[in-house]
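**Q** Input file: data30.txt. Contents: compact mmCIF, C-alpha atoms.
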```
# COMPACT_ATOMS: atom_id res chain seq x y z
CA MET A 1 -82.17 -28.89 112.90
CA SER A 2 -79.60 -30.84 110.82
CA GLU A 3 -79.37 -29.91 107.18
CA LEU A 4 -80.62 -32.61 104.79
CA ASP A 5 -78.83 -33.38 101.52
CA ARG A 6 -81.42 -32.47 98.89
CA VAL A 7 -79.75 -34.66 96.25
CA ILE A 8 -80.31 -37.77 98.36
CA HIS A 9 -83.55 -36.75 100.04
CA GLU A 10 -85.58 -37.07 96.80
CA PRO A 11 -87.42 -40.46 97.17
CA ALA A 12 -86.24 -42.06 93.92
CA ARG A 13 -82.61 -41.07 94.47
CA LEU A 14 -82.78 -42.13 98.12
CA THR A 15 -84.01 -45.56 96.99
CA ILE A 16 -81.16 -45.83 94.46
CA VAL A 17 -78.52 -44.79 97.01
CA ALA A 18 -79.98 -47.11 99.70
CA LEU A 19 -79.96 -50.00 97.22
CA LEU A 20 -76.37 -49.30 96.21
CA SER A 21 -75.25 -48.88 99.83
CA SER A 22 -75.84 -52.59 100.49
CA VAL A 23 -74.09 -53.94 97.39
CA LYS A 24 -70.65 -53.84 95.84
CA GLU A 25 -72.08 -52.98 92.43
CA ALA A 26 -75.32 -53.46 90.48
CA ASP A 27 -76.43 -53.11 86.89
CA PHE A 28 -79.09 -50.87 85.37
CA LEU A 29 -81.61 -53.73 85.07
CA TYR A 30 -81.41 -54.52 88.79
CA LEU A 31 -81.97 -50.87 89.73
CA LEU A 32 -84.79 -50.58 87.19
CA ARG A 33 -86.65 -53.55 88.70
CA GLU A 34 -86.07 -52.61 92.32
CA THR A 35 -86.94 -48.92 91.99
CA GLN A 36 -89.92 -49.49 89.62
CA LEU A 37 -88.87 -46.35 87.73
CA THR A 38 -88.99 -45.96 83.97
CA LYS A 39 -85.71 -46.25 82.06
CA GLY A 40 -85.71 -42.52 81.35
CA ASN A 41 -86.41 -41.57 84.96
CA LEU A 42 -83.74 -43.90 86.30
CA SER A 43 -81.19 -42.56 83.81
CA THR A 44 -81.99 -38.98 84.83
CA HIS A 45 -81.60 -39.74 88.52
CA LEU A 46 -78.36 -41.64 87.94
CA VAL A 47 -76.94 -38.71 85.96
CA ARG A 48 -77.92 -36.37 88.82
CA LEU A 49 -76.17 -38.64 91.34
CA GLU A 50 -73.13 -38.96 89.08
CA GLU A 51 -72.91 -35.17 88.74
CA ALA A 52 -72.97 -34.90 92.54
CA GLY A 53 -70.10 -37.43 92.64
CA TYR A 54 -72.17 -39.97 94.58
CA VAL A 55 -72.10 -42.83 92.06
CA ASP A 56 -69.61 -44.21 89.57
CA ILE A 57 -71.12 -45.44 86.32
CA GLU A 58 -69.25 -47.86 84.06
CA LYS A 59 -70.45 -48.89 80.61
CA THR A 60 -69.28 -52.39 79.78
CA PHE A 61 -70.38 -55.57 77.97
CA ARG A 62 -71.61 -58.98 79.17
CA GLY A 63 -70.75 -61.02 76.11
CA LYS A 64 -72.32 -58.98 73.32
CA ILE A 65 -74.94 -57.34 75.52
CA PRO A 66 -74.21 -53.81 76.77
CA MET A 67 -74.27 -53.47 80.56
CA THR A 68 -74.27 -50.39 82.76
CA LEU A 69 -72.62 -50.99 86.12
CA VAL A 70 -73.32 -48.59 88.95
CA ARG A 71 -71.57 -48.37 92.31
CA LEU A 72 -71.68 -45.94 95.18
CA SER A 73 -68.54 -43.77 95.38
CA SER A 74 -66.80 -43.01 98.67
CA GLU A 75 -68.43 -39.54 98.59
CA GLY A 76 -71.78 -41.23 98.06
CA LYS A 77 -71.22 -43.57 101.00
CA ALA A 78 -70.27 -40.62 103.23
CA ALA A 79 -73.26 -38.58 102.02
CA PHE A 80 -75.65 -41.48 102.67
CA HIS A 81 -74.16 -42.02 106.13
CA ASP A 82 -74.55 -38.29 106.91
CA TYR A 83 -78.12 -38.31 105.55
CA ARG A 84 -79.13 -41.20 107.83
CA LYS A 85 -77.48 -39.50 110.79
CA SER A 86 -79.29 -36.22 110.02
CA MET A 87 -82.57 -38.09 109.68
CA LYS A 88 -82.06 -39.72 113.09
CA ASP A 89 -81.28 -36.32 114.61
CA ILE A 90 -84.46 -34.87 113.14
CA LEU A 91 -86.58 -37.81 114.25
CA ALA A 92 -85.17 -38.00 117.79
CA PRO A 93 -86.94 -34.88 119.22
CA SER A 94 -90.26 -35.88 117.64
CA LYS A 95 -89.98 -39.27 119.39
CA MET A 96 -89.24 -37.54 122.68
CA ARG A 97 -92.42 -35.48 122.33
CA ARG A 98 -94.45 -38.69 122.29
CA VAL A 99 -93.30 -39.63 125.81
CA PRO A 100 -96.23 -39.06 128.20
CA VAL A 101 -95.53 -36.45 130.83
CA HIS A 102 -96.65 -36.99 134.40
CA ILE A 103 -98.05 -33.80 135.93
CA PRO A 104 -98.24 -33.93 139.73
CA THR A 105 -101.61 -32.91 141.14
CA MET B 1 -90.98 -35.87 109.60
CA GLU B 2 -90.35 -39.35 108.23
CA PRO B 3 -87.79 -40.52 105.63
CA PRO B 4 -89.43 -40.62 102.18
CA VAL B 5 -88.65 -44.36 101.85
CA ASP B 6 -88.12 -47.21 104.31
CA ILE B 7 -84.32 -47.22 104.12
CA ASP B 8 -83.81 -50.31 106.31
CA ASP B 9 -86.14 -52.36 104.12
CA VAL B 10 -84.54 -51.12 100.88
CA THR B 11 -81.04 -52.00 102.09
CA LEU B 12 -82.16 -55.62 102.63
CA SER B 13 -83.57 -55.94 99.12
CA ALA B 14 -80.20 -56.99 97.62
CA GLN B 15 -80.11 -60.08 99.85
CA ARG B 16 -83.76 -60.82 99.00
CA HIS B 17 -82.94 -60.44 95.30
CA TRP B 18 -79.98 -62.81 95.74
CA MET B 19 -82.26 -65.48 97.24
CA ALA B 20 -85.32 -64.92 95.00
CA ASP B 21 -84.29 -67.44 92.33
CA GLY B 22 -83.97 -70.40 94.72
CA LEU B 23 -80.45 -71.17 93.48
CA SER B 24 -78.89 -70.39 96.88
CA GLU B 25 -81.23 -72.91 98.51
CA ILE B 26 -80.51 -75.56 95.88
CA MET B 27 -76.76 -75.10 96.24
CA LEU B 28 -76.81 -75.01 100.04
CA GLY B 29 -79.09 -78.06 100.06
CA LEU B 30 -76.75 -79.94 97.72
CA LEU B 31 -73.78 -78.94 99.89
CA PHE B 32 -75.53 -80.34 102.97
CA LEU B 33 -76.36 -83.51 101.03
CA LEU B 34 -72.78 -83.82 99.83
CA ILE B 35 -71.18 -83.32 103.24
CA GLY B 36 -73.76 -85.31 105.22
CA GLY B 37 -74.00 -88.09 102.62
CA GLY B 38 -70.24 -88.17 102.03
CA LEU B 39 -69.46 -88.55 105.71
CA LEU B 40 -72.20 -91.18 106.17
CA VAL B 41 -70.68 -93.21 103.32
CA LYS B 42 -67.24 -92.74 104.87
CA LEU B 43 -68.51 -94.09 108.19
CA ALA B 44 -70.11 -97.09 106.48
CA LEU B 45 -66.97 -98.03 104.52
CA PRO B 46 -64.07 -99.97 106.03
CA ARG B 47 -61.42 -97.70 107.60
CA TRP B 48 -58.81 -97.81 104.87
CA LEU B 49 -56.61 -94.78 104.36
CA THR B 50 -57.06 -94.85 100.56
CA LEU B 51 -60.86 -94.92 100.87
CA ASP B 52 -60.76 -92.17 103.50
CA LEU B 53 -58.66 -89.96 101.25
CA LEU B 54 -60.81 -90.74 98.23
CA THR B 55 -64.12 -89.84 99.92
CA SER B 56 -62.59 -86.66 101.39
CA ALA B 57 -61.19 -85.66 98.00
CA LEU B 58 -64.53 -86.36 96.29
CA THR B 59 -66.41 -84.30 98.90
CA ALA B 60 -63.99 -81.38 98.54
CA ALA B 61 -64.14 -81.58 94.73
CA GLY B 62 -67.94 -81.69 94.90
CA ALA B 63 -68.04 -78.57 97.11
CA LEU B 64 -65.72 -76.70 94.72
CA GLY B 65 -67.83 -77.86 91.77
CA LEU B 66 -71.00 -76.60 93.47
CA SER B 67 -69.43 -73.20 94.08
CA TRP B 68 -68.35 -72.96 90.43
CA GLY B 69 -71.76 -74.17 89.21
CA PHE B 70 -73.57 -71.65 91.43
CA LYS B 71 -71.65 -68.73 89.89
CA ARG B 72 -72.23 -70.04 86.34
CA LEU B 73 -75.97 -70.53 86.94
CA LYS B 74 -76.32 -67.06 88.45
CA GLN B 75 -74.67 -65.61 85.34
CA ARG B 76 -76.76 -67.63 82.92
CA ILE B 77 -80.15 -67.66 84.65
CA THR B 78 -80.53 -64.83 87.16
CA PHE B 79 -78.53 -61.86 85.93
CA PRO B 80 -80.04 -61.66 82.41
CA ARG B 81 -83.58 -61.91 83.88
CA SER B 82 -83.58 -59.80 87.02
CA GLY B 83 -80.33 -57.89 86.85
CA TYR B 84 -76.80 -58.26 88.07
CA VAL B 85 -75.90 -57.47 91.65
CA ALA B 86 -72.68 -58.21 93.51
CA LEU B 87 -72.92 -58.44 97.27
CA PRO B 88 -70.06 -56.89 99.25
CA GLU B 89 -67.25 -59.11 100.49
CA PRO B 90 -67.80 -60.14 104.13
CA THR B 91 -65.89 -57.92 106.55
CA ARG B 92 -63.15 -59.31 108.79
CA LEU B 93 -65.53 -59.07 111.77
CA ARG B 94 -68.17 -61.12 109.92
CA TRP B 95 -65.61 -63.80 108.99
CA LEU B 96 -64.43 -63.94 112.60
CA SER B 97 -67.96 -64.21 113.98
CA MET B 98 -68.78 -66.96 111.46
CA PHE B 99 -65.67 -68.94 112.43
CA ALA B 100 -66.45 -68.37 116.11
CA MET B 101 -70.03 -69.61 115.64
CA PHE B 102 -68.93 -72.74 113.75
CA GLY B 103 -66.20 -73.30 116.35
CA VAL B 104 -68.65 -73.10 119.25
CA VAL B 105 -71.15 -75.41 117.49
CA GLY B 106 -68.33 -77.84 116.57
CA VAL B 107 -66.83 -77.96 120.05
CA ALA B 108 -70.28 -78.26 121.68
CA SER B 109 -71.19 -81.10 119.27
CA ALA B 110 -67.87 -82.88 119.91
CA ILE B 111 -68.34 -82.63 123.70
CA GLY B 112 -71.96 -83.80 123.39
CA LEU B 113 -71.02 -86.70 121.11
CA SER B 114 -68.14 -87.86 123.31
CA ALA B 115 -70.44 -87.76 126.34
CA HIS B 116 -73.06 -89.78 124.35
CA MET B 117 -75.58 -87.01 124.78
CA VAL B 118 -78.57 -86.58 122.51
CA VAL B 119 -77.18 -84.05 120.03
CA VAL B 120 -79.64 -84.40 117.13
CA PRO B 121 -82.36 -82.23 118.74
CA VAL B 122 -79.74 -79.63 119.73
CA VAL B 123 -78.26 -79.44 116.22
CA ALA B 124 -81.79 -79.34 114.77
CA ALA B 125 -82.68 -76.47 117.12
CA VAL B 126 -79.57 -74.54 116.00
CA PHE B 127 -80.43 -75.02 112.30
CA ALA B 128 -84.11 -74.20 112.88
CA THR B 129 -83.17 -71.00 114.74
CA LEU B 130 -80.88 -69.94 111.89
CA PHE B 131 -83.63 -70.61 109.31
CA LEU B 132 -86.15 -68.75 111.46
CA TRP B 133 -83.82 -65.76 111.83
CA GLY B 134 -83.13 -65.67 108.08
CA GLY B 135 -86.81 -66.07 107.24
CA VAL B 136 -87.89 -63.21 109.48
CA LYS B 137 -85.00 -60.87 108.62
CA TYR B 138 -85.14 -61.34 104.84
CA LYS B 139 -88.90 -62.02 104.67
CA GLN B 140 -88.40 -65.50 103.14
CA THR B 141 -91.40 -67.75 103.72
CA SER B 142 -89.49 -70.77 102.41
CA MET B 143 -86.95 -70.42 105.23
CA LEU B 144 -89.73 -70.53 107.81
CA GLY B 145 -90.92 -73.73 106.15
CA GLU B 146 -87.38 -75.12 106.32
CA ALA B 147 -87.23 -74.29 110.04
CA LEU B 148 -90.41 -76.31 110.61
CA LEU B 149 -89.17 -79.17 108.42
CA THR B 150 -85.87 -79.28 110.33
CA LEU B 151 -87.72 -79.74 113.62
CA LEU B 152 -89.96 -82.36 112.00
CA PHE B 153 -86.92 -84.25 110.69
CA ALA B 154 -85.36 -84.17 114.16
CA VAL B 155 -88.53 -85.67 115.67
CA VAL B 156 -88.72 -88.34 112.94
CA SER B 157 -85.01 -89.08 113.24
CA THR B 158 -85.02 -89.49 117.03
CA ARG B 159 -88.38 -91.26 117.39
CA PHE B 160 -88.59 -93.52 114.36
CA THR B 161 -85.00 -94.39 113.46
CA LYS B 162 -82.15 -95.94 115.37
CA LEU B 163 -79.78 -93.20 114.21
CA SER B 164 -78.11 -91.18 116.94
CA GLY B 165 -74.84 -89.41 117.63
CA VAL B 166 -72.74 -88.59 114.56
CA GLU B 167 -74.87 -90.72 112.23
CA GLY B 168 -78.00 -88.98 113.49
CA VAL B 169 -76.57 -85.52 112.83
CA LEU B 170 -75.35 -86.55 109.36
CA ALA B 171 -78.72 -88.10 108.52
CA LEU B 172 -80.38 -84.87 109.66
CA MET B 173 -78.05 -82.92 107.33
CA VAL B 174 -79.04 -85.20 104.44
CA MET B 175 -82.77 -84.66 105.18
CA ILE B 176 -82.37 -80.88 105.53
CA GLY B 177 -80.26 -80.76 102.35
CA THR B 178 -82.84 -82.74 100.38
CA SER B 179 -85.73 -80.54 101.52
CA MET B 180 -83.76 -77.35 100.77
CA ALA B 181 -82.85 -78.56 97.29
CA ILE B 182 -86.49 -79.48 96.54
CA ILE B 183 -87.88 -76.19 97.89
CA GLY B 184 -85.17 -74.31 95.97
CA ALA B 185 -86.11 -76.15 92.76
CA PHE B 186 -89.76 -75.11 93.16
CA ARG B 187 -88.69 -71.53 93.79
CA LEU B 188 -86.44 -71.61 90.72
CA ARG B 189 -89.37 -72.84 88.62
CA GLY B 190 -91.52 -69.98 89.92
CA PHE B 191 -88.72 -67.50 89.26
CA LEU B 192 -88.27 -68.70 85.67
CA ARG B 193 -92.02 -68.43 85.04
CA ALA B 194 -92.23 -64.95 86.52
CA ASN B 195 -89.08 -63.71 84.79
CA PRO B 196 -88.81 -64.90 81.20
CA ARG B 197 -85.46 -64.31 79.54
CA PRO B 198 -85.60 -60.96 77.73
CA GLN B 199 -85.50 -61.36 73.96
CA GLU B 200 -82.39 -59.99 72.38
CA ILE B 201 -83.23 -57.23 69.94
CA GLU B 202 -81.51 -57.63 66.65
CA ALA B 203 -80.11 -54.45 65.18
```
Can the structure from this file be put into structure tokens for me?

**A**
Amino acid sequence: MSELDRVIHEPARLTIVALLSSVKEADFLYLLRETQLTKGNLSTHLVRLEEAGYVDIEKTFRGKIPMTLVRLSSEGKAAFHDYRKSMKDILAPSKMRRVPVHIPT
Amino acid sequence: MEPPVDIDDVTLSAQRHWMADGLSEIMLGLLFLLIGGGLLVKLALPRWLTLDLLTSALTAAGALGLSWGFKRLKQRITFPRSGYVALPEPTRLRWLSMFAMFGVVGVASAIGLSAHMVVVPVVAAVFATLFLWGGVKYKQTSMLGEALLTLLFAVVSTRFTKLSGVEGVLALMVMIGTSMAIIGAFRLRGFLRANPRPQEIEA
């Protein structure tokens, strides 16, 4: 069985990484609304992903309003790609088991 | 064992978020109106080089203005309310496939028009298919409505007006553009009601 990346496999972090995989960059508010997490929870998960080197976080300003930009790093993209591949590998045998077997009488 | 979240659905949410405010529909509708209307006006005017150049320049300036306005409105309306997201630049393959698709549609339309074939229903079918595909893929009910409206406009245009050929296609573009802009405006109103601008907290 393929080894799953535990950092990504956690549902909230998987949602964050999947969201970031389809965009160039996104801000904290977008991730907050899409993940439905609390601010504290989202921050914690982002820090965990940043520590793993999967996301780059940039603190900037939009006018006078502070803005936190998040983007998936190249390591994060590779890790997400590997995770999806591992998941497919794991799911493939279980799909094969569902195929009805003809037993000759 | 199943993935803890539906990854395929989550990866499409950025595109859904991009379309949720109705601004894309308004802008695309206005672009259709501009191009279709501009070319209809051009056909109606006498064929003078100065007029030709003027209408072309106005259409191009209008398209550039729409693109600029779209970015400004996104920054002022959408990003403060529902968050900022930047979609990735289209890949070279995507650009090539887009050009190829427009090329095929353009060449097919030109051949059909020169052979005096009935092109309005064909063009309407192409637009309706694109709307249908977008509506199903990105779960956008408004796009399904636009697909139906496009077919309705094609029926109205071919059965109840004398417009055919190039004029027919341009009139269809004007009708589609108008309906998209109106639907987009309703969606924008709904978006503004559902997402009030967050109050700035004074320190």

**Q** For chain A, list the residues within 10 Å of chain B, counting all atoms listed in the file, and write the list as a ChimeraX atom specification.

**A** /A:9-12,14-35,62,65,67-71,83-84,87-88,90-91,94

**Q** What is the CA of Val169 in chain B-CA of Gln140 in chain B distance in Å, reported with one decimal?

**A**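 Atom-to-atom, CA of Val169 in chain B to CA of Gln140 in chain B, that is 25.2 Å.
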
**Q** Find the distance between CA of Thr150 in chain B and CA of Ile176 in chain B and write it in Å to one decimal.

**A**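 Interatomic distance here is 6.2 Å.
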
**Q** If we count all atoms listed in the file, what is near Val156 in chain B at a cut-off of 12 Å, once residues fewer than 4 positions away on the same chain are taken out, given as a ChimeraX atom specification?

**A** /B:120-121,124,149-152,160-164,168,171-172,175

**Q** So how far away is CA of Ile183 in chain B from CA of Pro198 in chain B, in Å?

**A**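 CA of Pro198 in chain B sits 25.4 Å away from CA of Ile183 in chain B.
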
**Q** Pick from B:Arg159, B:Lys71, B:Arg92, B:Arg189: nearest to Trp18 in chain B, with only C-alpha atoms counted?

**A** B:Lys71

**Q** From the list B:Leu53, B:Ile77, B:Leu28, B:Met180, which residue is nearest Leu192 in chain B when using only C-alpha atoms?

**A** B:Ile77

**Q** May I have the residues within 10 Å of range 107-111 of chain B as a PDB file with C-alpha atoms, keeping the file's coordinate frame, using only C-alpha atoms and disregarding those fewer than 6 positions away in the same chain?

**A**
```pdb
ATOM      1  CA  MET B 101     -70.030 -69.610 115.640  1.00  0.00           C
ATOM      2  CA  MET B 117     -75.580 -87.010 124.780  1.00  0.00           C
ATOM      3  CA  VAL B 118     -78.570 -86.580 122.510  1.00  0.00           C
ATOM      4  CA  VAL B 119     -77.180 -84.050 120.030  1.00  0.00           C
ATOM      5  CA  VAL B 120     -79.640 -84.400 117.130  1.00  0.00           C
ATOM      6  CA  VAL B 122     -79.740 -79.630 119.730  1.00  0.00           C
ATOM      7  CA  VAL B 123     -78.260 -79.440 116.220  1.00  0.00           C
ATOM      8  CA  GLY B 165     -74.840 -89.410 117.630  1.00  0.00           C
ATOM      9  CA  VAL B 166     -72.740 -88.590 114.560  1.00  0.00           C
ATOM     10  CA  VAL B 169     -76.570 -85.520 112.830  1.00  0.00           C
TER      11      VAL B 169
END
```
